Amino acid sequence: MAERKRVGGLSAGTLDPAIKEWQRQAAENPATVSKKRRRDRERVRIFVDITPGLKAALEQIAGWENGEDTSVSQATEMLLIFAARAYGRKDAELLAAFREGKTHARTPRFSWNVEVPDGWDREIESTFGSGKVDGKVKGKV
């Protein structure tokens, strides 16, 4: 006997567009909205280019081995906020890195390129580096 395919319910494909819009605009009970959900609504996603060594360091910081056991996104947000606060407090080392690493950009979008000091990369590698990035050790599986 052939199995019958179950059909029914309110799937997105069968709803009237006016009903979909009404559901989208439906009021939400503020008492049921968690603090995390409120914070997530205010977030904006960005894309940033980083080195493989920094990516590995962020993954290690976020990992359970260090006791943080959180997402890389949340650990990165915490570190970026810390760095922004340091910049706002006019941290001498950070401001010097911006000044010393500047070269003129050849683009109309911004005036300067900044380079991360080599010492910072070496420090990250020595602190967090095992040579393992994306499942590879020094480029080999």
# chains A, B, ... in the order shown; residues from 1 in each chain; ligands from 1
call {"tool": "select_by_dssp", "arguments": {"residues": "chain A", "states": "helix (DSSP H, G or I)", "output": "MDAnalysis selection string"}}
result
chainID A and resid 17:24 30:32 35:42 52:62 64:66 72:88 92:100 118:128
call {"tool": "select_by_dssp", "arguments": {"residues": "chain A", "states": "strand (DSSP E)", "output": "list in words"}}
result
Lys102, Thr103, His104, Trp112, Asn113, Val114, Lys132, Val133, Lys136 and Val137 of chain A
call {"tool": "residues_around", "arguments": {"residues": "stretch 64-73 of chain A", "least_positions_apart": "3", "cutoff": "12 Å", "atoms": "only C-alpha atoms", "output": "compact mmCIF listing (two decimals) with C-alpha atoms, in the first residue's frame"}}
result
# COMPACT_ATOMS: atom_id res chain seq x y z
CA ARG A 43 22.99 44.02 16.62
CA VAL A 44 24.41 44.61 13.18
CA ARG A 45 26.45 42.04 11.28
CA ILE A 46 29.77 43.09 9.77
CA PHE A 47 32.43 41.22 7.85
CA VAL A 48 36.07 41.72 8.79
CA LEU A 54 44.01 35.72 14.80
CA LYS A 55 41.08 33.52 13.82
CA ALA A 56 42.67 30.59 15.63
CA ALA A 57 43.29 32.80 18.69
CA LEU A 58 39.65 33.95 18.74
CA GLU A 59 38.46 30.35 18.47
CA GLN A 60 40.75 29.34 21.32
CA ILE A 61 39.61 32.25 23.50
CA THR A 76 35.09 38.84 19.36
CA GLU A 77 32.45 41.41 20.31
CA MET A 78 33.80 41.49 23.87
CA LEU A 79 37.37 42.01 22.64
CA LEU A 80 36.33 44.70 20.14
CA PHE A 128 47.68 31.08 21.34
call {"tool": "atom_distance", "arguments": {"atom1": "atom CA of A:Ile50", "atom2": "atom CA of A:Asp91"}}
result
22.2 Å
call {"tool": "atom_distance", "arguments": {"atom1": "atom CA of A:Arg99", "atom2": "atom CA of A:Val114"}}
result
8.2 Å
call {"tool": "closest_residue", "arguments": {"among": "A:Lys36, A:His104, A:Lys20, A:Arg122", "to": "A:Gln74", "atoms": "only C-alpha atoms"}}
result
A:Lys36
call {"tool": "atom_distance", "arguments": {"atom1": "atom CA of A:Glu93", "atom2": "atom CA of A:Thr51"}}
result
20.9 Å
